[in-house]
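Data file: data_15.cif. Format and content: mmCIF, C-alpha atoms.
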data_model
loop_
_atom_site.group_PDB
_atom_site.id
_atom_site.type_symbol
_atom_site.label_atom_id
_atom_site.label_comp_id
_atom_site.auth_asym_id
_atom_site.auth_seq_id
_atom_site.Cartn_x
_atom_site.Cartn_y
_atom_site.Cartn_z
ATOM 1 C CA MET A 163 12.611 -21.308 -22.568
ATOM 2 C CA ALA A 164 12.807 -24.723 -24.229
ATOM 3 C CA ASP A 165 9.945 -26.319 -26.113
ATOM 4 C CA TYR A 166 11.400 -29.818 -25.882
ATOM 5 C CA ARG A 167 13.487 -31.973 -23.598
ATOM 6 C CA LEU A 168 15.809 -34.415 -25.378
ATOM 7 C CA GLY A 169 17.010 -37.440 -23.451
ATOM 8 C CA ILE A 170 19.588 -40.028 -24.494
ATOM 9 C CA ASP A 171 20.238 -43.426 -22.956
ATOM 10 C CA LEU A 172 23.728 -44.720 -23.778
ATOM 11 C CA GLY A 173 23.373 -48.493 -23.501
ATOM 12 C CA GLY A 174 25.800 -51.309 -24.100
ATOM 13 C CA THR A 175 24.576 -52.034 -27.629
ATOM 14 C CA LYS A 176 22.274 -49.133 -28.478
ATOM 15 C CA ILE A 177 21.906 -45.376 -28.227
ATOM 16 C CA GLU A 178 18.327 -44.308 -27.651
ATOM 17 C CA ILE A 179 16.889 -40.807 -27.879
ATOM 18 C CA ALA A 180 13.505 -39.598 -26.676
ATOM 19 C CA VAL A 181 11.844 -36.205 -27.000
ATOM 20 C CA LEU A 182 9.397 -34.884 -24.411
ATOM 21 C CA ASN A 183 7.332 -31.739 -24.811
ATOM 22 C CA ARG A 184 6.840 -29.183 -22.038
ATOM 23 C CA SER A 185 4.098 -31.317 -20.481
ATOM 24 C CA GLY A 186 6.319 -34.392 -20.411
ATOM 25 C CA ASP A 187 4.494 -36.166 -23.237
ATOM 26 C CA LEU A 188 6.574 -38.409 -25.495
ATOM 27 C CA VAL A 189 6.911 -36.832 -28.938
ATOM 28 C CA LEU A 190 9.565 -39.027 -30.533
ATOM 29 C CA ARG A 191 11.651 -42.050 -29.665
ATOM 30 C CA GLU A 192 14.378 -43.664 -31.743
ATOM 31 C CA ARG A 193 17.285 -46.108 -31.405
ATOM 32 C CA ILE A 194 20.552 -46.567 -33.255
ATOM 33 C CA ALA A 195 23.404 -49.018 -32.756
ATOM 34 C CA ASN A 196 26.142 -48.080 -30.305
ATOM 35 C CA PRO A 197 29.509 -48.404 -32.085
ATOM 36 C CA GLY A 198 31.213 -49.181 -28.772
ATOM 37 C CA ILE A 199 34.209 -47.008 -29.691
ATOM 38 C CA TYR A 200 34.587 -43.735 -27.833
ATOM 39 C CA ASN A 201 35.137 -41.216 -30.635
ATOM 40 C CA GLU A 202 32.621 -42.919 -32.898
ATOM 41 C CA ALA A 203 30.001 -42.907 -30.128
ATOM 42 C CA VAL A 204 30.441 -39.155 -29.572
ATOM 43 C CA LEU A 205 29.985 -38.520 -33.291
ATOM 44 C CA ALA A 206 26.994 -40.873 -33.473
ATOM 45 C CA ILE A 207 25.286 -38.944 -30.665
ATOM 46 C CA ARG A 208 26.125 -35.648 -32.353
ATOM 47 C CA ASP A 209 24.542 -36.776 -35.615
ATOM 48 C CA LEU A 210 21.506 -38.290 -33.879
ATOM 49 C CA VAL A 211 20.787 -35.079 -31.964
ATOM 50 C CA ALA A 212 21.269 -32.955 -35.063
ATOM 51 C CA ASP A 213 18.833 -35.136 -37.003
ATOM 52 C CA VAL A 214 16.206 -35.000 -34.262
ATOM 53 C CA ASP A 215 16.572 -31.225 -33.825
ATOM 54 C CA HIS A 216 16.139 -30.814 -37.570
ATOM 55 C CA ARG A 217 12.991 -32.942 -37.533
ATOM 56 C CA LEU A 218 11.607 -30.864 -34.677
ATOM 57 C CA GLY A 219 12.453 -27.651 -36.491
ATOM 58 C CA ALA A 220 14.831 -26.843 -33.642
ATOM 59 C CA VAL A 221 18.338 -25.445 -33.434
ATOM 60 C CA PRO A 222 20.856 -25.394 -30.567
ATOM 61 C CA SER A 223 19.970 -22.844 -27.891
ATOM 62 C CA HIS A 224 22.957 -20.578 -28.616
ATOM 63 C CA ARG A 225 21.650 -20.039 -32.190
ATOM 64 C CA VAL A 226 18.002 -19.485 -31.365
ATOM 65 C CA SER A 227 16.145 -16.632 -33.039
ATOM 66 C CA ALA A 228 12.531 -15.614 -32.810
ATOM 67 C CA GLY A 229 10.050 -18.305 -33.746
ATOM 68 C CA GLN A 230 12.536 -21.194 -33.668
ATOM 69 C CA HIS A 231 12.162 -24.133 -31.289
ATOM 70 C CA THR A 232 14.742 -24.872 -28.628
ATOM 71 C CA SER A 233 15.564 -28.073 -26.799
ATOM 72 C CA THR A 234 17.550 -29.183 -23.785
ATOM 73 C CA LEU A 235 19.669 -32.341 -23.761
ATOM 74 C CA GLY A 236 20.405 -34.841 -21.000
ATOM 75 C CA ILE A 237 22.175 -38.183 -21.279
ATOM 76 C CA GLY A 238 22.241 -41.238 -19.046
ATOM 77 C CA ILE A 239 25.400 -43.333 -18.964
ATOM 78 C CA PRO A 240 26.406 -46.625 -17.303
ATOM 79 C CA GLY A 241 28.814 -44.865 -14.959
ATOM 80 C CA SER A 242 29.325 -41.439 -13.414
ATOM 81 C CA ILE A 243 31.461 -38.339 -13.825
ATOM 82 C CA SER A 244 34.205 -37.840 -11.274
ATOM 83 C CA PRO A 245 33.693 -34.440 -9.630
ATOM 84 C CA GLU A 246 37.463 -34.112 -9.210
ATOM 85 C CA SER A 247 38.636 -34.836 -12.759
ATOM 86 C CA GLY A 248 35.510 -34.594 -14.907
ATOM 87 C CA LEU A 249 36.307 -38.050 -16.304
ATOM 88 C CA ILE A 250 33.946 -41.031 -16.472
ATOM 89 C CA LYS A 251 34.385 -43.700 -13.794
ATOM 90 C CA ASN A 252 32.733 -46.979 -12.799
ATOM 91 C CA ALA A 253 31.282 -47.582 -16.290
ATOM 92 C CA ASN A 254 30.707 -51.210 -17.238
ATOM 93 C CA ALA A 255 31.167 -49.989 -20.827
ATOM 94 C CA THR A 256 34.869 -49.798 -20.047
ATOM 95 C CA TRP A 257 35.743 -47.765 -23.147
ATOM 96 C CA LEU A 258 33.992 -44.820 -21.468
ATOM 97 C CA ASN A 259 36.156 -44.884 -18.346
ATOM 98 C CA ASN A 260 38.739 -42.122 -17.917
ATOM 99 C CA GLN A 261 37.269 -40.168 -20.825
ATOM 100 C CA PRO A 262 36.060 -36.514 -20.661
ATOM 101 C CA PHE A 263 32.731 -37.580 -22.136
ATOM 102 C CA GLY A 264 30.612 -34.653 -20.959
ATOM 103 C CA HIS A 265 33.163 -32.116 -22.182
ATOM 104 C CA ASP A 266 33.667 -33.834 -25.537
ATOM 105 C CA LEU A 267 29.939 -34.170 -26.145
ATOM 106 C CA GLU A 268 29.325 -30.492 -25.402
ATOM 107 C CA ALA A 269 32.146 -29.566 -27.770
ATOM 108 C CA ALA A 270 30.804 -31.806 -30.543
ATOM 109 C CA LEU A 271 27.259 -30.468 -30.170
ATOM 110 C CA ALA A 272 28.152 -26.846 -29.346
ATOM 111 C CA ARG A 273 25.490 -26.856 -26.634
ATOM 112 C CA PRO A 274 25.214 -27.614 -22.909
ATOM 113 C CA VAL A 275 24.598 -31.238 -21.951
ATOM 114 C CA ARG A 276 23.721 -32.743 -18.569
ATOM 115 C CA THR A 277 25.198 -36.186 -17.983
ATOM 116 C CA GLU A 278 23.994 -38.514 -15.249
ATOM 117 C CA ASN A 279 24.202 -42.133 -14.142
ATOM 118 C CA ASP A 280 21.566 -44.302 -15.831
ATOM 119 C CA ALA A 281 20.131 -45.594 -12.537
ATOM 120 C CA ASN A 282 19.686 -41.994 -11.389
ATOM 121 C CA CYS A 283 17.874 -41.275 -14.654
ATOM 122 C CA PHE A 284 15.597 -44.251 -14.031
ATOM 123 C CA ALA A 285 14.726 -43.007 -10.548
ATOM 124 C CA LEU A 286 14.137 -39.469 -11.823
ATOM 125 C CA SER A 287 11.818 -40.690 -14.582
ATOM 126 C CA GLU A 288 9.674 -42.716 -12.209
ATOM 127 C CA ALA A 289 9.593 -39.841 -9.714
ATOM 128 C CA ALA A 290 8.639 -37.274 -12.356
ATOM 129 C CA ASP A 291 5.673 -38.997 -13.967
ATOM 130 C CA GLY A 292 5.979 -42.704 -13.320
ATOM 131 C CA ALA A 293 5.195 -45.176 -10.565
ATOM 132 C CA ALA A 294 6.513 -42.786 -7.885
ATOM 133 C CA LYS A 295 4.827 -39.605 -9.103
ATOM 134 C CA GLY A 296 3.917 -37.370 -6.176
ATOM 135 C CA MET A 297 6.367 -39.063 -3.771
ATOM 136 C CA LEU A 298 8.990 -36.950 -2.002
ATOM 137 C CA THR A 299 11.850 -39.445 -1.564
ATOM 138 C CA VAL A 300 12.210 -42.147 -4.202
ATOM 139 C CA PHE A 301 14.637 -45.060 -4.229
ATOM 140 C CA GLY A 302 14.772 -46.400 -7.794
ATOM 141 C CA VAL A 303 16.389 -49.782 -8.342
ATOM 142 C CA ILE A 304 17.629 -51.411 -11.546
ATOM 143 C CA ILE A 305 18.233 -55.148 -11.282
ATOM 144 C CA GLY A 306 19.455 -56.820 -14.435
ATOM 145 C CA THR A 307 22.920 -57.955 -15.456
ATOM 146 C CA GLY A 308 24.148 -55.787 -12.603
ATOM 147 C CA MET A 309 22.463 -53.954 -9.785
ATOM 148 C CA GLY A 310 22.271 -50.221 -9.231
ATOM 149 C CA ALA A 311 20.000 -47.590 -7.767
ATOM 150 C CA GLY A 312 19.283 -43.897 -7.722
ATOM 151 C CA ILE A 313 17.870 -41.553 -5.099
ATOM 152 C CA VAL A 314 15.544 -38.671 -5.929
ATOM 153 C CA ASN A 315 14.375 -36.191 -3.326
ATOM 154 C CA ASN A 316 11.866 -33.471 -4.091
ATOM 155 C CA GLY A 317 12.330 -33.975 -7.823
ATOM 156 C CA ARG A 318 16.121 -33.803 -7.784
ATOM 157 C CA VAL A 319 18.762 -36.506 -8.092
ATOM 158 C CA LEU A 320 20.948 -36.994 -5.023
ATOM 159 C CA GLU A 321 24.466 -37.369 -6.423
ATOM 160 C CA GLY A 322 26.620 -37.268 -3.319
ATOM 161 C CA ARG A 323 30.112 -35.887 -2.786
ATOM 162 C CA HIS A 324 31.740 -38.469 -5.088
ATOM 163 C CA HIS A 325 28.741 -38.935 -7.414
ATOM 164 C CA ILE A 326 28.215 -42.493 -6.183
ATOM 165 C CA ALA A 327 25.000 -42.093 -4.146
ATOM 166 C CA GLY A 328 22.740 -45.098 -4.656
ATOM 167 C CA GLU A 329 25.483 -47.643 -5.412
ATOM 168 C CA TRP A 330 23.756 -50.160 -3.178
ATOM 169 C CA GLY A 331 24.839 -53.103 -5.320
ATOM 170 C CA HIS A 332 28.272 -52.683 -3.763
ATOM 171 C CA LEU A 333 27.104 -52.637 -0.188
ATOM 172 C CA PRO A 334 27.510 -55.961 1.616
ATOM 173 C CA LEU A 335 24.473 -58.204 1.822
ATOM 174 C CA PRO A 336 23.027 -57.323 5.252
ATOM 175 C CA TRP A 337 22.354 -59.751 8.091
ATOM 176 C CA PRO A 338 24.166 -62.634 6.332
ATOM 177 C CA THR A 339 23.146 -66.197 7.098
ATOM 178 C CA GLU A 340 25.006 -69.482 6.811
ATOM 179 C CA GLU A 341 23.362 -69.952 3.423
ATOM 180 C CA ASP A 342 25.085 -66.799 2.176
ATOM 181 C CA ALA A 343 28.561 -68.044 3.084
ATOM 182 C CA PRO A 344 31.228 -67.892 1.901
ATOM 183 C CA ALA A 345 31.037 -64.223 0.921
ATOM 184 C CA ARG A 346 31.094 -64.046 -2.861
ATOM 185 C CA GLU A 347 33.875 -62.195 -4.637
ATOM 186 C CA CYS A 348 32.864 -59.121 -6.622
ATOM 187 C CA PHE A 349 34.567 -57.491 -9.617
ATOM 188 C CA CYS A 350 34.945 -54.318 -7.525
ATOM 189 C CA GLY A 351 37.533 -56.113 -5.391
ATOM 190 C CA ASN A 352 35.386 -56.660 -2.297
ATOM 191 C CA LYS A 353 33.504 -59.710 -1.078
ATOM 192 C CA GLY A 354 29.859 -60.120 -0.178
ATOM 193 C CA CYS A 355 28.480 -57.310 -2.382
ATOM 194 C CA MET A 356 24.715 -57.520 -2.850
ATOM 195 C CA GLU A 357 25.103 -57.552 -6.631
ATOM 196 C CA ARG A 358 26.692 -60.993 -6.385
ATOM 197 C CA TYR A 359 23.511 -62.310 -4.737
ATOM 198 C CA LEU A 360 20.707 -60.241 -6.231
ATOM 199 C CA SER A 361 21.541 -59.556 -9.895
ATOM 200 C CA GLY A 362 19.757 -61.484 -12.615
ATOM 201 C CA PRO A 363 22.733 -63.768 -13.337
ATOM 202 C CA ALA A 364 23.070 -64.487 -9.599
ATOM 203 C CA LEU A 365 19.462 -65.687 -9.433
ATOM 204 C CA ALA A 366 19.867 -67.725 -12.635
ATOM 205 C CA ALA A 367 23.013 -69.407 -11.310
ATOM 206 C CA ASP A 368 21.283 -70.215 -8.010
ATOM 207 C CA TRP A 369 18.462 -71.837 -9.975
ATOM 208 C CA LYS A 370 20.261 -73.729 -12.736
ATOM 209 C CA GLY A 371 23.886 -73.713 -11.645
ATOM 210 C CA PRO A 372 27.105 -71.790 -12.364
ATOM 211 C CA GLY A 373 27.329 -70.192 -15.782
ATOM 212 C CA HIS A 374 23.596 -69.685 -16.252
ATOM 213 C CA ARG A 375 22.533 -66.040 -16.589
ATOM 214 C CA ASN A 376 18.905 -66.059 -17.743
ATOM 215 C CA THR A 377 16.032 -66.059 -15.250
ATOM 216 C CA ALA A 378 13.298 -66.377 -17.894
ATOM 217 C CA GLY A 379 10.683 -68.932 -16.866
ATOM 218 C CA ILE A 380 11.726 -69.304 -13.242
ATOM 219 C CA GLU A 381 8.304 -68.417 -11.817
ATOM 220 C CA GLU A 382 6.548 -70.754 -14.223
ATOM 221 C CA ALA A 383 8.988 -73.522 -13.308
ATOM 222 C CA ALA A 384 8.333 -72.955 -9.608
ATOM 223 C CA ALA A 385 4.565 -73.028 -10.178
ATOM 224 C CA ASN A 386 5.003 -76.374 -11.946
ATOM 225 C CA GLY A 387 6.850 -77.877 -8.993
ATOM 226 C CA ASP A 388 10.497 -77.319 -9.975
ATOM 227 C CA GLN A 389 12.127 -77.637 -6.552
ATOM 228 C CA ALA A 390 15.311 -75.846 -7.617
ATOM 229 C CA ALA A 391 13.274 -72.869 -8.850
ATOM 230 C CA ILE A 392 11.159 -72.828 -5.682
ATOM 231 C CA ALA A 393 14.261 -72.866 -3.477
ATOM 232 C CA ALA A 394 16.102 -70.221 -5.530
ATOM 233 C CA LEU A 395 13.124 -67.845 -5.424
ATOM 234 C CA GLY A 396 12.791 -68.400 -1.694
ATOM 235 C CA ARG A 397 16.416 -67.503 -1.076
ATOM 236 C CA TYR A 398 16.219 -64.549 -3.456
ATOM 237 C CA THR A 399 13.124 -62.929 -1.954
ATOM 238 C CA GLU A 400 14.477 -63.321 1.578
ATOM 239 C CA ARG A 401 17.797 -61.742 0.597
ATOM 240 C CA PHE A 402 16.054 -58.982 -1.335
ATOM 241 C CA ALA A 403 13.882 -58.210 1.687
ATOM 242 C CA ARG A 404 17.015 -57.781 3.798
ATOM 243 C CA ALA A 405 18.479 -55.438 1.164
ATOM 244 C CA CYS A 406 15.301 -53.326 1.069
ATOM 245 C CA ALA A 407 15.064 -53.257 4.862
ATOM 246 C CA MET A 408 18.559 -51.822 5.062
ATOM 247 C CA VAL A 409 17.552 -49.038 2.631
ATOM 248 C CA ILE A 410 14.440 -48.289 4.667
ATOM 249 C CA ASN A 411 16.449 -48.139 7.891
ATOM 250 C CA PHE A 412 18.946 -45.554 6.631
ATOM 251 C CA LEU A 413 16.955 -43.623 3.999
ATOM 252 C CA ASP A 414 13.287 -44.314 4.807
ATOM 253 C CA PRO A 415 12.098 -43.586 1.242
ATOM 254 C CA ASP A 416 8.449 -43.004 0.442
ATOM 255 C CA VAL A 417 8.624 -45.739 -2.191
ATOM 256 C CA ILE A 418 11.007 -48.289 -3.697
ATOM 257 C CA VAL A 419 10.561 -48.608 -7.470
ATOM 258 C CA LEU A 420 11.994 -51.640 -9.251
ATOM 259 C CA GLY A 421 13.317 -51.737 -12.811
ATOM 260 C CA GLY A 422 15.438 -54.046 -14.937
ATOM 261 C CA GLY A 423 14.681 -57.598 -16.002
ATOM 262 C CA VAL A 424 14.293 -59.006 -12.496
ATOM 263 C CA SER A 425 11.589 -56.421 -11.733
ATOM 264 C CA ASN A 426 9.231 -58.478 -13.910
ATOM 265 C CA LEU A 427 9.033 -61.205 -11.250
ATOM 266 C CA HIS A 428 5.583 -61.029 -9.630
ATOM 267 C CA THR A 429 7.065 -62.901 -6.662
ATOM 268 C CA LEU A 430 8.914 -59.801 -5.464
ATOM 269 C CA TYR A 431 5.791 -57.712 -4.949
ATOM 270 C CA GLU A 432 3.930 -60.538 -3.241
ATOM 271 C CA ARG A 433 6.572 -62.025 -0.943
ATOM 272 C CA VAL A 434 9.062 -59.277 -0.095
ATOM 273 C CA PRO A 435 6.858 -56.716 1.758
ATOM 274 C CA PRO A 436 5.779 -59.174 4.517
ATOM 275 C CA LEU A 437 9.452 -60.076 5.099
ATOM 276 C CA LEU A 438 10.560 -56.503 5.794
ATOM 277 C CA ALA A 439 9.257 -56.344 9.368
ATOM 278 C CA LYS A 440 11.933 -58.688 10.695
ATOM 279 C CA HIS A 441 14.702 -56.177 9.941
ATOM 280 C CA VAL A 442 13.067 -52.744 9.721
ATOM 281 C CA ILE A 443 13.422 -50.772 12.935
ATOM 282 C CA THR A 444 9.852 -49.508 13.144
ATOM 283 C CA PRO A 445 6.792 -51.291 14.565
ATOM 284 C CA VAL A 446 4.871 -51.053 11.286
ATOM 285 C CA CYS A 447 6.545 -50.877 7.875
ATOM 286 C CA THR A 448 4.340 -49.559 5.069
ATOM 287 C CA THR A 449 6.980 -48.757 2.437
ATOM 288 C CA PRO A 450 5.537 -49.775 -0.942
ATOM 289 C CA ILE A 451 7.678 -51.776 -3.339
ATOM 290 C CA VAL A 452 6.324 -51.186 -6.840
ATOM 291 C CA ARG A 453 7.052 -52.013 -10.437
ATOM 292 C CA ASN A 454 8.157 -49.198 -12.730
ATOM 293 C CA LYS A 455 5.639 -47.519 -15.046
ATOM 294 C CA HIS A 456 7.800 -46.686 -18.041
ATOM 295 C CA GLY A 457 9.695 -49.957 -18.499
ATOM 296 C CA ASP A 458 12.808 -49.726 -20.634
ATOM 297 C CA SER A 459 11.865 -46.129 -21.495
ATOM 298 C CA SER A 460 12.553 -44.922 -17.972
ATOM 299 C CA GLY A 461 16.273 -44.326 -18.466
ATOM 300 C CA VAL A 462 15.906 -42.208 -21.579
ATOM 301 C CA ARG A 463 12.913 -40.314 -20.156
ATOM 302 C CA GLY A 464 14.851 -39.599 -16.975
ATOM 303 C CA ALA A 465 17.734 -38.193 -19.011
ATOM 304 C CA ALA A 466 15.276 -35.773 -20.593
ATOM 305 C CA TRP A 467 13.964 -34.792 -17.141
ATOM 306 C CA LEU A 468 17.476 -33.690 -16.076
ATOM 307 C CA TRP A 469 16.459 -30.260 -17.380
ATOM 308 C CA ASP A 470 13.578 -28.023 -16.482
ATOM 309 C CA VAL A 471 12.124 -26.539 -19.665
ATOM 310 C CA THR A 472 12.187 -23.088 -18.077
ATOM 311 C CA GLU A 473 15.998 -23.180 -17.974
#
Take the structure from the file and write it as structure tokens.
Amino acid sequence: MADYRLGIDLGGTKIEIAVLNRSGDLVLRERIANPGIYNEAVLAIRDLVADVDHRLGAVPSHRVSAGQHTSTLGIGIPGSISPESGLIKNANATWLNNQPFGHDLEAALARPVRTENDANCFALSEAADGAAKGMLTVFGVIIGTGMGAGIVNNGRVLEGRHHIAGEWGHLPLPWPTEEDAPARECFCGNKGCMERYLSGPALAADWKGPGHRNTAGIEEAAANGDQAAIAALGRYTERFARACAMVINFLDPDVIVLGGGVSNLHTLYERVPPLLAKHVITPVCTTPIVRNKHGDSSGVRGAAWLWDVTE
């Protein structure tokens, strides 16, 4: 039985670790720079975990003796592990792709490690003790530079046959209008993916023009009469409502939890819910759309929740 859950969030520029006790309380949280080179990143994680275990008075589970603490370890990554090959795929940190990351990390640490997509970790964190606590089916969304999501049912991540469940950013924008045309090209090779319309950079470009990527201040600008900001937010909320309605129609989650930079827009929680009815195939739609509780800690906390302390 473990006394602590360790969670790691492998980000583009940082590696963050968090320690939760058996009750899920945060005991420790720390960040280091991500070297961005595969072998160096594995070693950096190894050393970070060893340092934290030492500070907790813990040792790896295979070396536990009476009276010593134990800990479990989960890690969230910007991609997923192929069930066929065991290699990383779909990572925007491209140096991770086609690498046996889970295997190499377990070998470096000499302990079992659970590796999961970072959006799945976000959804799991919010379902465990966040904004969706007590909900059965949770759809957790991260909208920032990109757009991803995770599905949690009854406290467990839904991975899917190919470990791509929740990749709604690469579904086509539903019920397209003339304003959405022509379908925008996506890096995945398809056209019309929702990420090209609903990511943070997409909203920024719609507001200030091509090349802009920062949405900071858009609500304030709209409140002060900036017509471009008003129009961009109008288009965004209407498109986002269509995206959420599609999720409700095929998954019918108990709650949709938003994370990432765009989730800080108050406009979403005020204007999107009334727009759902037009596309949701039920007379009354009551699905709540809520802001996350744990902020940028959700990913690392969710990685820790990949283990049950009784395991």
Neighbour list for A:Glu357 as JSON, numbers by chain, cut-off 8 Å, all atoms listed in the file, skip fewer than 5 positions in-chain
{"A": [308, 309, 331, 332, 348, 364]}
Create the file for the chosen residues now, containing C-alpha atoms and written as a PDB file, in the frame of the given file.
ATOM      1  CA  GLY A 308      24.148 -55.787 -12.603  1.00  0.00           C
ATOM      2  CA  MET A 309      22.463 -53.954  -9.785  1.00  0.00           C
ATOM      3  CA  GLY A 331      24.839 -53.103  -5.320  1.00  0.00           C
ATOM      4  CA  HIS A 332      28.272 -52.683  -3.763  1.00  0.00           C
ATOM      5  CA  CYS A 348      32.864 -59.121  -6.622  1.00  0.00           C
ATOM      6  CA  ALA A 364      23.070 -64.487  -9.599  1.00  0.00           C
TER       7      ALA A 364
END
Selection under test: the PyMOL selection byres ((chain A and resi 260-271) around 6); residues as an MDAnalysis selection string:
chainID A and resid 208 249:250 258:259 272:275
Using the chain letters and residue numbers of this document, give as a VMD selection string the residues selected by the PyMOL selection byres ((chain A and resi 395) around 9).
chain A and resid 365 368 to 369 380 to 381 384 390 to 394 396 to 400 429
For stretch 437-441 of chain A, list every protein, DNA or RNA residue within 8 Å, evaluated using all atoms listed in the file, and leave out those in the same chain fewer than 3 positions away; present the list as a PyMOL selection string.
chain A and resi 400+403-404+406-408+433-434+444-447
Please write as a PyMOL selection string the full residue list that the PyMOL selection byres ((chain A and resi 207) around 12) yields on this file.
chain A and resi 168-172+176-179+192-198+200-206+208-214+235-237+263-264+266-271+275
Two-atom distance - atom CA of A:Gly379, atom CA of A:Arg401 (Å):
20.2 Å
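For the residues A:Glu347, A:Ala281, A:Lys370, A:Gly186, ranking by smallest atom-to-atom distance to A:Ala327 using only C-alpha atoms places A:Ala281 first.
Reported to one decimal place, the separation of atom CA of A:Ser361 from atom CA of A:Glu329 is 13.3 Å.
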Among A:Leu427, A:Leu218, A:Val409, A:Val303, A:Thr232 is approached most closely, using only C-alpha atoms, by A:Leu218
Would you list the residues near (33.4, -51.6, -17.5) (no more than 12 Å away, in the coordinates of the file, using all atoms listed in the file) as a count of residues only?
20
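The coordinates place atom CA of A:Val300 at 13.8 Å from atom CA of A:Lys455.
Each of A:Ala465, A:Ala367, A:Ala405, A:Leu413 was checked against A:Ala290 using all atoms listed in the file; the smallest atom-to-atom distance is that of A:Ala465.
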Axis-aligned box over every listed atom of stretch 196-201 of chain A, padded by 6 Å per side: centre and edges in Å to one decimal, as AutoDock Vina command-line options?
--center_x 30.6 --center_y -45.2 --center_z -30.0 --size_x 21.0 --size_y 20.0 --size_z 16.3
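Of the residues under consideration (A:Asn352, A:Asn315, A:Thr448, A:Ser185), A:Thr448 shows the shortest atom-to-atom contact distance to A:Pro436 when counting all atoms listed in the file.
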